[in-house]
Each structure stands twice: as C-alpha cells, then as structure tokens.
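*Asks:* Next up, query-v2.txt (compact mmCIF, C-alpha atoms and all ligand atoms).
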# COMPACT_ATOMS: atom_id res chain seq x y z
CA MET V 1 336.61 141.63 -26.95
CA ARG V 2 337.28 144.27 -29.56
CA LEU V 3 333.96 145.87 -30.46
CA VAL V 4 332.79 148.20 -33.20
CA ILE V 5 329.74 150.36 -32.47
CA VAL V 6 327.72 151.77 -35.36
CA GLY V 7 325.46 154.61 -34.20
CA ASN V 8 326.54 157.07 -31.51
CA GLY V 9 323.08 157.96 -30.22
CA LYS V 10 321.53 157.10 -26.87
CA MET V 11 321.94 153.34 -27.28
CA GLY V 12 325.39 153.44 -28.88
CA GLN V 13 326.67 155.54 -25.98
CA ALA V 14 325.00 153.35 -23.33
CA ILE V 15 326.59 150.26 -24.92
CA ALA V 16 330.01 151.91 -25.09
CA ARG V 17 329.88 152.87 -21.39
CA LEU V 18 328.86 149.39 -20.28
CA ALA V 19 331.30 147.63 -22.64
CA GLN V 20 334.22 149.60 -21.24
CA ALA V 21 333.08 148.93 -17.68
CA ARG V 22 333.09 145.20 -18.52
CA GLY V 23 336.62 145.35 -19.91
CA HIS V 24 335.84 145.30 -23.63
CA THR V 25 337.72 147.53 -26.07
CA ILE V 26 335.85 149.92 -28.38
CA GLN V 27 337.86 149.69 -31.59
CA ALA V 28 335.73 152.27 -33.41
CA MET V 29 332.44 154.10 -33.03
CA PHE V 30 330.73 155.41 -36.17
CA GLY V 31 328.28 158.32 -36.29
CA ALA V 32 325.90 159.33 -39.06
CA GLN V 33 327.98 162.14 -40.54
CA GLU V 34 330.96 160.04 -41.57
CA ASN V 35 328.91 156.95 -42.42
CA LEU V 36 326.38 157.86 -45.10
CA ARG V 37 325.08 154.58 -46.63
CA GLY V 38 327.64 152.65 -44.57
CA GLN V 39 330.61 154.21 -46.41
CA ALA V 40 332.85 154.33 -43.31
CA LEU V 41 332.49 150.58 -42.69
CA THR V 42 335.52 149.60 -44.75
CA PRO V 43 337.57 146.42 -44.19
CA ASP V 44 340.57 148.41 -42.88
CA ARG V 45 338.43 150.11 -40.19
CA LEU V 46 336.85 146.79 -39.20
CA VAL V 47 339.85 144.45 -39.23
CA GLY V 48 340.36 142.75 -35.85
CA ALA V 49 336.84 143.48 -34.58
CA ALA V 50 335.25 140.50 -32.85
CA VAL V 51 331.69 141.85 -33.11
CA ALA V 52 329.84 144.96 -34.32
CA LEU V 53 326.83 146.43 -32.54
CA GLU V 54 324.52 148.41 -34.83
CA PHE V 55 321.99 150.83 -33.26
CA THR V 56 321.07 153.53 -35.77
CA GLN V 57 317.89 154.34 -37.68
CA PRO V 58 315.53 152.27 -39.86
CA GLU V 59 316.76 153.71 -43.17
CA ALA V 60 320.45 153.34 -42.24
CA ALA V 61 320.46 149.80 -40.84
CA PRO V 62 320.25 147.70 -44.05
CA SER V 63 323.32 149.25 -45.73
CA ASN V 64 325.27 149.13 -42.45
CA LEU V 65 324.42 145.44 -42.06
CA GLU V 66 325.42 144.70 -45.66
CA ARG V 67 328.81 146.32 -45.17
CA LEU V 68 329.46 144.60 -41.84
CA ILE V 69 328.47 141.16 -43.10
CA GLU V 70 330.48 141.59 -46.31
CA ALA V 71 333.48 142.43 -44.11
CA GLY V 72 332.94 139.19 -42.15
CA VAL V 73 332.14 140.86 -38.80
CA PRO V 74 329.52 139.08 -36.63
CA THR V 75 326.87 141.74 -36.03
CA VAL V 76 324.29 142.43 -33.34
CA THR V 77 321.63 144.94 -34.38
CA GLY V 78 318.92 146.47 -32.24
CA THR V 79 317.76 149.02 -34.79
CA THR V 80 314.02 148.74 -35.33
CA GLY V 81 311.83 149.41 -38.36
CA TRP V 82 313.92 147.73 -41.12
CA LEU V 83 312.68 144.11 -40.97
CA ASP V 84 311.05 144.35 -44.42
CA GLN V 85 314.67 144.00 -45.66
CA LEU V 86 315.48 140.98 -43.46
CA ALA V 87 315.10 138.35 -46.22
CA ARG V 88 317.69 140.11 -48.39
CA ILE V 89 320.10 140.51 -45.47
CA ALA V 90 319.58 136.86 -44.44
CA THR V 91 320.54 135.74 -47.97
CA LEU V 92 323.76 137.71 -47.68
CA VAL V 93 324.49 136.19 -44.25
CA ALA V 94 324.04 132.69 -45.72
CA GLU V 95 326.23 133.47 -48.79
CA ARG V 96 329.05 134.79 -46.57
CA ASN V 97 328.60 132.24 -43.77
CA GLY V 98 328.20 135.27 -41.52
CA ALA V 99 326.48 135.78 -38.18
CA LEU V 100 323.70 138.24 -37.40
CA LEU V 101 321.58 138.59 -34.28
CA HIS V 102 318.68 141.03 -34.45
CA ALA V 103 316.21 142.01 -31.75
CA ALA V 104 313.71 144.81 -31.38
CA ASN V 105 314.22 144.55 -27.64
CA PHE V 106 317.21 143.23 -25.74
CA SER V 107 315.72 143.18 -22.25
CA LEU V 108 315.26 139.74 -20.65
CA GLY V 109 312.02 140.80 -18.99
CA VAL V 110 310.41 141.65 -22.30
CA HIS V 111 310.96 138.16 -23.67
CA LEU V 112 309.37 136.58 -20.61
CA PHE V 113 306.56 139.16 -20.96
CA LEU V 114 306.00 138.10 -24.62
CA ARG V 115 305.70 134.47 -23.58
CA ALA V 116 303.23 135.41 -20.84
CA ALA V 117 301.23 137.43 -23.42
CA ARG V 118 300.84 134.33 -25.59
CA GLU V 119 299.57 132.32 -22.62
CA LEU V 120 297.14 135.09 -21.63
CA ALA V 121 295.84 135.23 -25.21
CA ARG V 122 295.17 131.48 -25.08
CA GLY V 123 293.19 131.99 -21.89
CA PHE V 124 291.00 134.71 -23.45
CA ALA V 125 290.47 132.85 -26.75
CA GLY V 126 286.78 132.29 -27.50
CA ARG V 127 285.63 135.00 -25.06
CA PRO V 128 284.05 137.72 -27.23
CA GLU V 129 282.82 139.62 -24.14
CA PHE V 130 286.38 141.01 -23.89
CA ASP V 131 288.03 143.42 -26.35
CA ALA V 132 291.81 143.23 -26.62
CA PHE V 133 294.25 146.02 -27.48
CA ILE V 134 297.95 146.90 -27.31
CA LEU V 135 299.34 150.23 -26.14
CA GLU V 136 302.99 151.27 -26.43
CA GLU V 137 304.65 154.45 -25.18
CA HIS V 138 308.14 155.75 -26.03
CA HIS V 139 310.15 158.97 -25.81
CA ALA V 140 309.28 161.72 -28.28
CA ALA V 141 312.46 161.20 -30.38
CA LYS V 142 311.68 157.61 -31.36
CA VAL V 143 311.33 157.57 -35.15
CA ASP V 144 309.32 154.41 -35.90
CA ALA V 145 305.81 153.52 -34.78
CA PRO V 146 304.51 151.06 -33.81
CA SER V 147 307.61 149.88 -31.97
CA GLY V 148 309.25 146.61 -32.99
CA THR V 149 308.36 145.22 -29.57
CA ALA V 150 304.70 146.14 -30.04
CA ARG V 151 304.69 144.27 -33.37
CA ALA V 152 306.31 141.27 -31.66
CA LEU V 153 303.70 141.48 -28.88
CA GLN V 154 300.90 141.52 -31.47
CA ALA V 155 302.38 138.50 -33.27
CA ARG V 156 302.83 136.58 -30.03
CA ALA V 157 299.29 137.33 -28.84
CA ARG V 158 297.92 136.21 -32.24
CA GLU V 159 299.78 132.92 -31.80
CA GLY V 160 297.70 132.46 -28.65
CA ASP V 161 294.45 133.62 -30.32
CA PRO V 162 294.52 134.00 -34.12
CA HIS V 163 290.96 135.38 -34.15
CA ARG V 164 291.73 138.70 -32.45
CA PRO V 165 293.29 141.64 -34.34
CA TYR V 166 295.10 143.17 -31.33
CA PRO V 167 295.16 146.77 -32.65
CA ILE V 168 298.19 148.82 -31.56
CA THR V 169 298.13 152.42 -30.33
CA SER V 170 301.50 154.26 -30.16
CA VAL V 171 302.22 157.25 -27.94
CA ARG V 172 305.38 159.35 -28.46
CA VAL V 173 305.96 161.70 -25.57
CA GLY V 174 308.54 162.78 -23.01
CA ALA V 175 311.56 160.62 -22.18
CA THR V 176 310.23 157.14 -21.33
CA PRO V 177 312.57 154.38 -22.61
CA GLY V 178 309.61 152.10 -23.44
CA THR V 179 306.34 150.77 -22.02
CA HIS V 180 304.19 148.04 -23.61
CA LEU V 181 300.89 146.62 -22.49
CA VAL V 182 298.21 144.28 -23.73
CA ALA V 183 294.78 144.57 -22.14
CA TYR V 184 291.50 142.65 -22.22
CA ASP V 185 288.61 144.94 -21.49
CA GLY V 186 285.15 143.62 -20.56
CA ALA V 187 281.99 145.28 -19.26
CA TYR V 188 282.91 144.68 -15.62
CA GLU V 189 286.66 144.19 -15.51
CA ARG V 190 289.97 144.71 -17.26
CA VAL V 191 293.05 142.46 -17.29
CA THR V 192 296.35 144.18 -18.14
CA LEU V 193 299.79 142.68 -18.70
CA SER V 194 302.56 145.25 -19.03
CA HIS V 195 306.30 145.68 -19.27
CA GLU V 196 308.03 148.92 -18.36
CA ALA V 197 311.71 149.56 -19.13
CA ARG V 198 313.25 151.82 -16.49
CA SER V 199 316.45 152.71 -18.34
CA ARG V 200 318.45 151.98 -21.49
CA GLU V 201 321.07 150.09 -19.47
CA GLY V 202 318.91 146.95 -19.57
CA PHE V 203 318.90 147.04 -23.39
CA ALA V 204 322.64 147.74 -23.48
CA ALA V 205 323.37 144.81 -21.15
CA GLY V 206 321.30 142.47 -23.32
CA ALA V 207 323.00 143.68 -26.49
CA LEU V 208 326.43 143.09 -24.94
CA ALA V 209 325.40 139.61 -23.81
CA ALA V 210 324.38 138.96 -27.44
CA ALA V 211 327.75 140.28 -28.65
CA GLU V 212 329.52 137.90 -26.28
CA TRP V 213 327.36 134.97 -27.48
CA LEU V 214 327.33 135.55 -31.26
CA PRO V 215 330.88 134.59 -32.39
CA GLY V 216 330.80 130.89 -33.28
CA HIS V 217 327.07 130.96 -34.05
CA PRO V 218 326.77 131.43 -37.83
CA GLY V 219 323.37 132.28 -39.32
CA VAL V 220 320.58 134.68 -38.45
CA HIS V 221 319.45 134.63 -34.83
CA THR V 222 316.95 136.35 -32.62
CA VAL V 223 317.54 137.18 -28.99
CA GLU V 224 315.18 134.30 -28.15
CA ASP V 225 317.62 131.81 -29.71
CA MET V 226 320.24 133.12 -27.31
CA LEU V 227 318.00 133.18 -24.24
CA PHE V 228 315.94 130.03 -24.70
CA GLY V 229 317.80 128.02 -27.39
CA ALA V 230 316.55 127.31 -30.94
CA GLY V 231 312.86 126.40 -30.93
CA GLY V 232 312.62 127.38 -27.24
N1 LIG H 301 316.74 146.48 -29.46
C1 LIG H 301 316.66 147.24 -28.35
O1 LIG H 301 316.68 146.75 -27.22
C2 LIG H 301 316.54 148.73 -28.51
C3 LIG H 301 316.49 149.57 -27.41
C4 LIG H 301 316.45 150.96 -27.62
C5 LIG H 301 316.42 151.45 -28.91
N2 LIG H 301 316.43 150.60 -29.97
C6 LIG H 301 316.47 151.04 -31.36
O2 LIG H 301 317.84 151.32 -31.63
C7 LIG H 301 317.93 152.40 -32.57
C8 LIG H 301 318.77 153.53 -31.96
O3 LIG H 301 318.14 153.97 -30.77
P1 LIG H 301 318.70 155.24 -29.99
O4 LIG H 301 317.81 155.40 -28.82
O5 LIG H 301 320.16 155.13 -29.81
O6 LIG H 301 318.38 156.38 -31.06
P2 LIG H 301 319.15 157.80 -31.26
O7 LIG H 301 319.57 158.36 -29.94
O8 LIG H 301 318.25 158.61 -32.14
O9 LIG H 301 320.46 157.38 -32.04
C9 LIG H 301 320.49 156.94 -33.35
C10 LIG H 301 321.83 157.34 -33.87
O10 LIG H 301 322.09 156.71 -35.12
C11 LIG H 301 322.88 157.62 -35.84
N3 LIG H 301 322.91 157.22 -37.25
C12 LIG H 301 321.98 157.40 -38.22
N4 LIG H 301 322.41 156.90 -39.39
C13 LIG H 301 323.65 156.40 -39.15
C14 LIG H 301 324.63 155.76 -39.95
N5 LIG H 301 324.44 155.52 -41.26
N6 LIG H 301 325.79 155.37 -39.38
C15 LIG H 301 326.04 155.61 -38.07
N7 LIG H 301 325.14 156.22 -37.26
C16 LIG H 301 323.96 156.59 -37.80
C17 LIG H 301 322.25 158.96 -35.57
O11 LIG H 301 323.15 160.00 -35.83
P3 LIG H 301 322.59 161.54 -35.98
O12 LIG H 301 322.12 161.92 -34.61
O13 LIG H 301 323.82 162.25 -36.40
O14 LIG H 301 321.50 161.50 -37.00
C18 LIG H 301 321.96 158.85 -34.08
O15 LIG H 301 323.04 159.31 -33.30
C19 LIG H 301 316.48 152.79 -32.90
O16 LIG H 301 316.06 152.09 -34.05
C20 LIG H 301 315.70 152.29 -31.68
O17 LIG H 301 314.35 152.03 -32.00
C21 LIG H 301 316.50 149.25 -29.79
Can you turn what I pasted into structure tokens?
*Replies:*
Amino acid sequence: MRLVIVGNGKMGQAIARLAQARGHTIQAMFGAQENLRGQALTPDRLVGAAVALEFTQPEAAPSNLERLIEAGVPTVTGTTGWLDQLARIATLVAERNGALLHAANFSLGVHLFLRAARELARGFAGRPEFDAFILEEHHAAKVDAPSGTARALQARAREGDPHRPYPITSVRVGATPGTHLVAYDGAYERVTLSHEARSREGFAAGALAAAEWLPGHPGVHTVEDMLFGAGG
C-alpha cells in the first residue's frame, strides 16, 4: 500500500521502518516545520495514497485530520489529547463519506487489559473496604497527561463500577514507552492489574494493521471495532 505519514517523531519513524519492512511504500512523510496547521497536506501531495497515519501532537491533530479527510484519504490517528474535537471531525467524516480510525493505544494487549479492568471493577463493586486508583507512567517528553489510555482505563473501570471515581496519577520520567495500572488497596491486601509496553514497535504494528483494515470501512472507528467487531 502507498502510505502517507504525518508526524516524523518517535512513532512516525517506528511506523515508517515497519511499513517498509512489510513491503509498503511511504509516499510522503510530513514533519512539523513544513506542515503548520496542516498546510502541506494538499491534494497533489496526497493523490494516490491508500491511507494516512497521523501521529503528531494534540494541538496539531485536528487540522491535520480535517485536511486528510477533505482530501478523501482514509486516516489512522494515534495522536492523543485532541478528543474534545472528535464530534466536529466525525461530522466532517460523515459529510465526506470518509474513514477515520482513532486509538489512544494500538497495542492488542492493552485492549484485552481494558476488558479485564472492567471485569475486575465489577468484582470489587460494593466493597468500600478497598480504595481504587489508576497510575500511569510515560517518558518525560510525552506532552499530554493523563494519557489517553489512562482515560480509557478510567472509563472502562467506571463501566464495571460507576460508584468509584478511579483517580488518575500521571508520572513523566525517563524513557518508558508506557505503563498503566489499576489497583484496589485494602487494609490487608492489594490487587493490581497492569499493562507494560516494552517498545514502540507494538504500537506501530497495531497502527499498520489498522491502516491495512481501514480502506473499505467508511465512518469513524476505534481500534476495538477492528479487533473485536462493532459492539464487541
Ligand atoms: N496510539 C498509540 O498507540 C500511541 C503510541 C505512542 C504515542 N502515541 C501518541 O502519538 C503522538 C506522537 O507520539 P511520538 O512518541 O511520536 O511523539 P514525538 O516523538 O514527540 O513526535 C511528535 C512529532 O509530531 C511532529 N509534529 C507536530 N506538529 C506537526 C504537524 N502539524 N505536522 C507534522 N508533524 C507535526 C513533531 O515535530 P517537531 O519535533 O518538529 O515538533 C514531532 O516530530 C502523541 O500524541 C502520543 O501521545 C500514540
């Protein structure tokens, strides 16, 4: 497939490496300098692209997505911290009969972890002798906090037990690609469920799988639609 990559940071580069190893062609890769407010994403630079992968920064993602969808390019985005703009972007996707897949986390393990977190929350519902909390840790350069995955974890745990707040603590330090945990702490014991990403390659592989899946699937999708089917 011919791919366009928007964002040449750690994720953009990991995706480009893996895409080439899998036989895909990188038609263009856009960095921040040439692409202020999405200005480089013009129809002539995008023509022939099967899919775009957008991994930039929270303030850049909405205008990039607008440009890509207006140009008719199915788009996978993993940028976090912009979901307050999702309703507007979804309207544009519907108007243009476009395709967008967004995910705060493209690793398979994290989605199974989120499901397990909902089940664990159900098990602890109605047990006030335990306090519950979420802790997430990422590399020092990560801009947004809490992470998109931590927000998803909080939402999923609240589905299992709507009566707990599940407060989130974010740590930004060192080089870790991402660790998330939810814990139930009682006077005599603690139960912890955690997910630890070992490298960015897992995210890049998931994003490429999404890019391979998205053409032919109009509308706005999450990575769960791809992994488990709609409503799964
Ligand atoms: N969904 C997932 O699985 C997943 C996994 C990891 C990370 N992420 C998210 O993906 C995003 C990128 O992560 P990262 O680790 O690659 O961060 P990063 O290394 O900081 O890279 C972000 C890149 O985006 C570039 N950029 C900013 N505005 C741009 C624009 N308008 N057009 C093109 N490029 C632009 C930046 O360029 P400059 O350096 O020149 O400013 C930078 O190179 C973050 O939101 C992160 O939270 C998601």
*Asks:* Report, in Å with one decimal, the straight-line distance from atom CA of Leu227 of chain V to atom CA of Asn97 of chain V.
*Replies:*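 Computed distance, atom CA of Leu227 of chain V to atom CA of Asn97 of chain V, equals 22.2 Å.
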*Asks:* Choose the residue, out of V:Gly174, V:Gly7, V:Gly23, V:Pro215, that has the smallest atom-to-atom separation from ligand LIG 301 (chain H); count all atoms listed in the file.
*Replies:* V:Gly7
*Asks:* Restricting the calculation to all atoms listed in the file, which member of V:Met29, V:Val173, V:Ala150, V:Ala16 is positioned closest to ligand LIG 301 (chain H)?
*Replies:*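 Closest to ligand LIG 301 (chain H) of all the choices is V:Met29.
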*Asks:* Please check which residues have atoms at most 6 Å from (301.7, 139.3, -25.9) in the file's coordinates, counting all atoms listed in the file, and write them as number ranges by chain.
*Replies:* V: 114, 117-118, 153, 156-157
*Asks:* At what distance in Å, to one decimal, does atom CA of Asp84 of chain V lie from atom O13 of ligand LIG 301 (chain H)?
*Replies:*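 Atom-to-atom, atom O13 of ligand LIG 301 (chain H) to atom CA of Asp84 of chain V, that is 23.4 Å.
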*Asks:* Select, from V:Glu119, V:Asp131, V:Glu54, V:Asp225, the residue with the minimum atom-to-atom distance to Arg158 of chain V, counting only C-alpha atoms.
*Replies:*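 Nearest to Arg158 of chain V: V:Glu119.
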*Asks:* May I ask you to write as a ChimeraX atom specification all residues lying at most 8 Å from ligand LIG 301 (chain H), with all atoms listed in the file counted?
*Replies:* /V:6-13,30-38,54-61,63-64,77-81,102-107,141-144,147-148,177,200,202-204,206-207
*Asks:* Using the selection just defined, write its residues with C-alpha atoms as a PDB file, in the coordinates of the input.
*Replies:*
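part.pdb, freshly written:
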ATOM      1  CA  VAL V   6     327.720 151.770 -35.360  1.00  0.00           C
ATOM      2  CA  GLY V   7     325.460 154.610 -34.200  1.00  0.00           C
ATOM      3  CA  ASN V   8     326.540 157.070 -31.510  1.00  0.00           C
ATOM      4  CA  GLY V   9     323.080 157.960 -30.220  1.00  0.00           C
ATOM      5  CA  LYS V  10     321.530 157.100 -26.870  1.00  0.00           C
ATOM      6  CA  MET V  11     321.940 153.340 -27.280  1.00  0.00           C
ATOM      7  CA  GLY V  12     325.390 153.440 -28.880  1.00  0.00           C
ATOM      8  CA  GLN V  13     326.670 155.540 -25.980  1.00  0.00           C
ATOM      9  CA  PHE V  30     330.730 155.410 -36.170  1.00  0.00           C
ATOM     10  CA  GLY V  31     328.280 158.320 -36.290  1.00  0.00           C
ATOM     11  CA  ALA V  32     325.900 159.330 -39.060  1.00  0.00           C
ATOM     12  CA  GLN V  33     327.980 162.140 -40.540  1.00  0.00           C
ATOM     13  CA  GLU V  34     330.960 160.040 -41.570  1.00  0.00           C
ATOM     14  CA  ASN V  35     328.910 156.950 -42.420  1.00  0.00           C
ATOM     15  CA  LEU V  36     326.380 157.860 -45.100  1.00  0.00           C
ATOM     16  CA  ARG V  37     325.080 154.580 -46.630  1.00  0.00           C
ATOM     17  CA  GLY V  38     327.640 152.650 -44.570  1.00  0.00           C
ATOM     18  CA  GLU V  54     324.520 148.410 -34.830  1.00  0.00           C
ATOM     19  CA  PHE V  55     321.990 150.830 -33.260  1.00  0.00           C
ATOM     20  CA  THR V  56     321.070 153.530 -35.770  1.00  0.00           C
ATOM     21  CA  GLN V  57     317.890 154.340 -37.680  1.00  0.00           C
ATOM     22  CA  PRO V  58     315.530 152.270 -39.860  1.00  0.00           C
ATOM     23  CA  GLU V  59     316.760 153.710 -43.170  1.00  0.00           C
ATOM     24  CA  ALA V  60     320.450 153.340 -42.240  1.00  0.00           C
ATOM     25  CA  ALA V  61     320.460 149.800 -40.840  1.00  0.00           C
ATOM     26  CA  SER V  63     323.320 149.250 -45.730  1.00  0.00           C
ATOM     27  CA  ASN V  64     325.270 149.130 -42.450  1.00  0.00           C
ATOM     28  CA  THR V  77     321.630 144.940 -34.380  1.00  0.00           C
ATOM     29  CA  GLY V  78     318.920 146.470 -32.240  1.00  0.00           C
ATOM     30  CA  THR V  79     317.760 149.020 -34.790  1.00  0.00           C
ATOM     31  CA  THR V  80     314.020 148.740 -35.330  1.00  0.00           C
ATOM     32  CA  GLY V  81     311.830 149.410 -38.360  1.00  0.00           C
ATOM     33  CA  HIS V 102     318.680 141.030 -34.450  1.00  0.00           C
ATOM     34  CA  ALA V 103     316.210 142.010 -31.750  1.00  0.00           C
ATOM     35  CA  ALA V 104     313.710 144.810 -31.380  1.00  0.00           C
ATOM     36  CA  ASN V 105     314.220 144.550 -27.640  1.00  0.00           C
ATOM     37  CA  PHE V 106     317.210 143.230 -25.740  1.00  0.00           C
ATOM     38  CA  SER V 107     315.720 143.180 -22.250  1.00  0.00           C
ATOM     39  CA  ALA V 141     312.460 161.200 -30.380  1.00  0.00           C
ATOM     40  CA  LYS V 142     311.680 157.610 -31.360  1.00  0.00           C
ATOM     41  CA  VAL V 143     311.330 157.570 -35.150  1.00  0.00           C
ATOM     42  CA  ASP V 144     309.320 154.410 -35.900  1.00  0.00           C
ATOM     43  CA  SER V 147     307.610 149.880 -31.970  1.00  0.00           C
ATOM     44  CA  GLY V 148     309.250 146.610 -32.990  1.00  0.00           C
ATOM     45  CA  PRO V 177     312.570 154.380 -22.610  1.00  0.00           C
ATOM     46  CA  ARG V 200     318.450 151.980 -21.490  1.00  0.00           C
ATOM     47  CA  GLY V 202     318.910 146.950 -19.570  1.00  0.00           C
ATOM     48  CA  PHE V 203     318.900 147.040 -23.390  1.00  0.00           C
ATOM     49  CA  ALA V 204     322.640 147.740 -23.480  1.00  0.00           C
ATOM     50  CA  GLY V 206     321.300 142.470 -23.320  1.00  0.00           C
ATOM     51  CA  ALA V 207     323.000 143.680 -26.490  1.00  0.00           C
TER      52      ALA V 207
END
*Asks:* Would you please work out which residue, of V:Arg22, V:Arg17, V:Arg127, V:His163, is nearest to Met1 of chain V when using all atoms listed in the file?
*Replies:*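 Once distances to Met1 of chain V are computed over all atoms listed in the file, the minimum belongs to V:Arg22.
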*Asks:* To one decimal place in Å, what is the distance between atom CA of Ser194 of chain V and atom CA of Val182 of chain V?
*Replies:* 6.5 Å
*Asks:* Rank nothing, just name the residue among V:Ala175, V:Ala71, V:Ala152, V:Leu3 nearest to Phe113 of chain V, using all atoms listed in the file.
*Replies:*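 Ranking V:Ala175, V:Ala71, V:Ala152, V:Leu3 by distance to Phe113 of chain V, first place goes to V:Ala152.
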*Asks:* Using all atoms listed in the file for the distances, tell me which of V:Ile89, V:Ala125, V:Ile5, V:Ala14 is nearest to Arg45 of chain V.
*Replies:* V:Ile5
*Asks:* Write out as number ranges by chain each polymer residue whose atoms come within 10 Å of Arg88 of chain V, counting all atoms listed in the file; drop sequence neighbours fewer than 5 positions from it.
*Replies:* V: 62, 66, 83, 93
*Asks:* Might you pull out every residue within 12 Å of Glu189 of chain V, with all atoms listed in the file counted and same-chain residues fewer than 5 positions away left off, and present them as a list in words?
*Replies:*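 So, after excluding close chain neighbours, the residues are Glu129, Phe130, Asp131, Ala183 and Tyr184 of chain V.
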*Asks:* Residues near Arg115 of chain V, anyone? I mean within 12 Å using all atoms listed in the file, not counting same-chain ones fewer than 4 positions away, as a PyMOL selection string.
*Replies:* chain V and resi 108-111+119-122+152-160+193+224+228+232
*Asks:* If the box runs along x, y and z of the file and leaves 5 Å on each side of segment 135-148 of chain V, what are its centre and edge lengths in Å, one decimal, as lines of an AutoDock Vina configuration file?
*Replies:*
center_x = 305.9
center_y = 154.2
center_z = -30.5
size_x = 23.1
size_y = 25.1
size_z = 20.7
